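Structure first, then comments.
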Amino acid sequence: MRTRTLLIPLLATLTVVGAASAALAAVPDRAAGTIEVSTAAELKTALSDAVPGDTIQLADGTYTGNFKTTVAGTSAQPITLTGSSKVVFTAGGGYGLYLNGASYWRVKGITITGGQKGIVMDAARGVVIDSVTVHGLDMEGVHFRKSSSDGIIRNSTIYDTGNDDSGMGEGVYVGSAGGVGSDVSDNVQILDNTIGPDVGGENIDIKEGTTGTVVSGNTFDGSGLTGNNYDDSWVDVKGNDVVVENNRGTHTSNDGYQTHTQQDGWGCGTVFKGNASDLTGAGGSNQLAVDVTNESSDCPTTVYSSNTVTGGKGLTNVDVTP
């Protein structure tokens with residue numbers, strides 16, 4: 001009995017010590033700071049060893065390779081990757097920058113070119129992409145994928161994508177085809193970007209399974225639309241509760257904006273307001289600023305009279321809301 005009495009406090013002590021050791025192991029072994037980077041090797045190390053609150057400061061120059069991180073920041077301490085437009089990531093294939101599970105990153109100022117895809121986020125929440133340039137790619141420019149919710153891309157330039165001619169060169173891609181239940185890339189904001197020319201897919205494609213995307217203040221140039229995979233508009237909405245507002249578009253092969261139901265219950269609740277569409281030169285069958293293909297009482301679309309159109313065959317094929 002005496003031995004048991006002594007053993008219980010001893011076990012409790014060992015448990016506390018073990019928990020404390022585990023907690024210490026989870027704490028980064030250095031404080032956050034600014035990491036100066038000037039080579040591809042240094043960049044790969046910085047991406048791998050980053051801790052929440054770090055700023056990775058890139059010197060001007062060319063960084064050749066595919067750059068990836070699986071390290072997450074936090075909402076209070078995001079990790080920042082920043083440099084000027086003279087910082088050029090050049091990939092011979094694959095992804096220029098891959099944030100795989102790397103939530104709460106801030107990517108600012110850099111240029112990405114030469115790969116299969118520009119910036120790809122998988123299961124990466126709260127990523128902010130600001131003032132980047134993405135071009136010269138085989139496929140899409142920026143992809144929020146595998147439930148990468150609450151992301152933002154703003155003040156950025158995307159052009160010359162889809163160079164493998166597969167029709168998968170979207171400028172910004174939200175979600176995954178057939179992604180209902182598996183890709184909840186919700187509440188993505190696409191703000192004040194210039195997308196096009198020579199984007200070999202829709203300038204923006206918003207997939208079924210995603211909700212709450214905001215597309216606002218962008219300038220679209222659809223002169224690269226190929227017609228592959230039915231890409232014949234600047235923006236194709238297949239997600240729910242999307243807001244498309246105050247954008248300007250030129251050079252389309254058919255329509256300005258389209259809504260579709262690819263899976264039951266999706267492509268519904270879109271709101272269009274304040275968009276200026278120039279359809280001059282469009283040669284498609286519909287030539288509408290807003291072409292709603294799935295209007296029904298349980299799948300509404302709202303098109304406000306603040307939208308305008310030049311050229312083409314009209315503003316929309318649904319009732320206009322004052």
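The chains in the structure tokens are called A, B, ... from first to last as shown; in each chain the residues are counted from 1, and the ligands are counted from 1 in the order shown.
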
Checklist line | Picked from range 63-174 of chain A by DSSP as strand (DSSP E), as an MDAnalysis selection string | finding: chainID A and resid 63:64 67:69 79:82 87:90 95:100 105:108 111:113 117:122 128:130 133:135 142:145 152:154 157:159 172:174

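Atom pair CA of Val320 in chain A / CA of Lys273 in chain A has a distance of 10.4 Å (rounded to one decimal).
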
Distance table requested - range 18-101 of chain A against range 107-121 of chain A, cut-off 7 Å, only C-alpha atoms: one row per qualifying residue with the closest atom pair and its distance in Å to one decimal, ordered by chain and rising residue number, as CSV.
```
residue,atom,partner,partner_atom,distance
A:Thr80,CA,A:Val107,CA,6.0
A:Leu81,CA,A:Val107,CA,4.9
A:Thr82,CA,A:Lys108,CA,4.7
A:Gly83,CA,A:Gly109,CA,5.3
A:Ser84,CA,A:Gly109,CA,4.9
A:Ser85,CA,A:Ile110,CA,4.7
A:Lys86,CA,A:Ile110,CA,6.9
A:Val87,CA,A:Ile110,CA,5.2
A:Val88,CA,A:Thr111,CA,4.7
A:Phe89,CA,A:Ile112,CA,4.7
A:Thr90,CA,A:Thr113,CA,5.2
A:Ala91,CA,A:Gly115,CA,4.6
A:Gly92,CA,A:Gly115,CA,5.3
A:Gly93,CA,A:Gly115,CA,4.1
A:Gly94,CA,A:Gln116,CA,4.8
A:Tyr95,CA,A:Lys117,CA,4.8
A:Gly96,CA,A:Gly118,CA,4.9
A:Leu97,CA,A:Ile119,CA,4.9
A:Tyr98,CA,A:Val120,CA,5.0
A:Leu99,CA,A:Met121,CA,4.8
A:Asn100,CA,A:Met121,CA,5.9
```

Counting only C-alpha atoms, give me one row per residue of range 170-208 of chain A with an atom at most 8 Å from an atom of range 141-165 of chain A, showing the shortest contact pair and its distance in Å to one decimal, sorted by chain then residue number, as a tab-separated table.
```
residue	atom	partner	partner_atom	distance
A:Glu170	CA	A:Gly141	CA	6.4
A:Gly171	CA	A:Gly141	CA	4.8
A:Val172	CA	A:Val142	CA	4.9
A:Tyr173	CA	A:His143	CA	4.7
A:Val174	CA	A:Phe144	CA	5.0
A:Gly175	CA	A:Arg145	CA	4.9
A:Ser176	CA	A:Arg145	CA	6.5
A:Ser182	CA	A:Lys146	CA	7.0
A:Asp183	CA	A:Lys146	CA	4.6
A:Val184	CA	A:Ser147	CA	4.2
A:Ser185	CA	A:Ser147	CA	4.0
A:Asp186	CA	A:Ser149	CA	4.6
A:Asn187	CA	A:Asp150	CA	4.9
A:Val188	CA	A:Gly151	CA	4.8
A:Gln189	CA	A:Ile152	CA	4.7
A:Ile190	CA	A:Ile153	CA	5.1
A:Leu191	CA	A:Arg154	CA	4.6
A:Asp192	CA	A:Asn155	CA	5.1
A:Asn193	CA	A:Asn155	CA	4.7
A:Thr194	CA	A:Thr157	CA	4.8
A:Ile195	CA	A:Ile158	CA	4.8
A:Gly196	CA	A:Tyr159	CA	4.5
A:Pro197	CA	A:Tyr159	CA	5.4
A:Asp198	CA	A:Asp160	CA	4.6
A:Val199	CA	A:Thr161	CA	4.8
A:Gly200	CA	A:Gly162	CA	4.4
A:Gly201	CA	A:Gly162	CA	6.9
```

Output of the above residues as a short mmCIF file (atom, residue, chain, number, x, y, z; two decimals), in the first residue's frame, restricted to N, CA and C atoms:
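Everything below was put into selection_12.cif:
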```cif
data_model
loop_
_atom_site.label_atom_id
_atom_site.label_comp_id
_atom_site.auth_asym_id
_atom_site.auth_seq_id
_atom_site.Cartn_x
_atom_site.Cartn_y
_atom_site.Cartn_z
N GLU A 170 -7.18 28.92 -67.17
CA GLU A 170 -7.93 29.96 -66.47
C GLU A 170 -6.98 30.91 -65.73
N GLY A 171 -7.39 32.18 -65.66
CA GLY A 171 -6.60 33.14 -64.90
C GLY A 171 -6.64 32.85 -63.42
N VAL A 172 -7.85 32.83 -62.85
CA VAL A 172 -8.05 32.46 -61.44
C VAL A 172 -9.10 31.35 -61.42
N TYR A 173 -8.78 30.26 -60.73
CA TYR A 173 -9.63 29.08 -60.67
C TYR A 173 -9.97 28.84 -59.20
N VAL A 174 -11.27 28.76 -58.90
CA VAL A 174 -11.72 28.58 -57.52
C VAL A 174 -12.43 27.24 -57.42
N GLY A 175 -11.89 26.32 -56.60
CA GLY A 175 -12.51 25.02 -56.40
C GLY A 175 -12.03 23.98 -57.40
N SER A 176 -12.85 22.93 -57.56
CA SER A 176 -12.50 21.82 -58.45
C SER A 176 -13.75 21.37 -59.19
N SER A 182 -16.17 17.93 -51.51
CA SER A 182 -14.75 17.63 -51.35
C SER A 182 -13.86 18.85 -51.49
N ASP A 183 -14.35 19.90 -52.11
CA ASP A 183 -13.54 21.11 -52.28
C ASP A 183 -14.39 22.31 -51.90
N VAL A 184 -14.26 22.71 -50.64
CA VAL A 184 -15.05 23.83 -50.10
C VAL A 184 -14.14 25.05 -50.03
N SER A 185 -13.75 25.55 -51.19
CA SER A 185 -12.91 26.75 -51.26
C SER A 185 -13.84 27.97 -51.22
N ASP A 186 -14.37 28.25 -50.04
CA ASP A 186 -15.39 29.28 -49.87
C ASP A 186 -14.79 30.65 -49.59
N ASN A 187 -15.60 31.68 -49.89
CA ASN A 187 -15.31 33.06 -49.50
C ASN A 187 -13.99 33.58 -50.06
N VAL A 188 -13.67 33.17 -51.27
CA VAL A 188 -12.49 33.70 -51.95
C VAL A 188 -12.84 35.06 -52.54
N GLN A 189 -11.93 36.03 -52.41
CA GLN A 189 -12.13 37.37 -52.95
C GLN A 189 -11.12 37.63 -54.06
N ILE A 190 -11.62 38.06 -55.21
CA ILE A 190 -10.80 38.34 -56.40
C ILE A 190 -11.01 39.82 -56.71
N LEU A 191 -10.06 40.66 -56.33
CA LEU A 191 -10.29 42.10 -56.23
C LEU A 191 -9.25 42.91 -57.02
N ASP A 192 -9.74 43.77 -57.93
CA ASP A 192 -8.91 44.82 -58.54
C ASP A 192 -7.71 44.26 -59.29
N ASN A 193 -7.91 43.16 -59.98
CA ASN A 193 -6.84 42.55 -60.78
C ASN A 193 -7.03 42.88 -62.26
N THR A 194 -5.96 42.72 -63.02
CA THR A 194 -6.02 42.78 -64.47
C THR A 194 -5.73 41.38 -65.00
N ILE A 195 -6.72 40.79 -65.68
CA ILE A 195 -6.60 39.41 -66.14
C ILE A 195 -6.79 39.39 -67.66
N GLY A 196 -5.81 38.85 -68.37
CA GLY A 196 -5.76 38.87 -69.81
C GLY A 196 -4.83 39.98 -70.28
N PRO A 197 -4.43 39.92 -71.55
CA PRO A 197 -4.91 39.05 -72.63
C PRO A 197 -4.23 37.68 -72.63
N ASP A 198 -4.63 36.89 -73.61
CA ASP A 198 -4.02 35.59 -73.88
C ASP A 198 -4.15 34.62 -72.71
N VAL A 199 -5.28 34.68 -72.03
CA VAL A 199 -5.61 33.69 -71.01
C VAL A 199 -6.41 32.59 -71.71
N GLY A 200 -5.85 31.38 -71.73
CA GLY A 200 -6.42 30.32 -72.55
C GLY A 200 -7.56 29.56 -71.90
N GLY A 201 -8.39 30.23 -71.17
CA GLY A 201 -9.59 29.70 -70.53
C GLY A 201 -10.36 30.91 -70.04
#
```
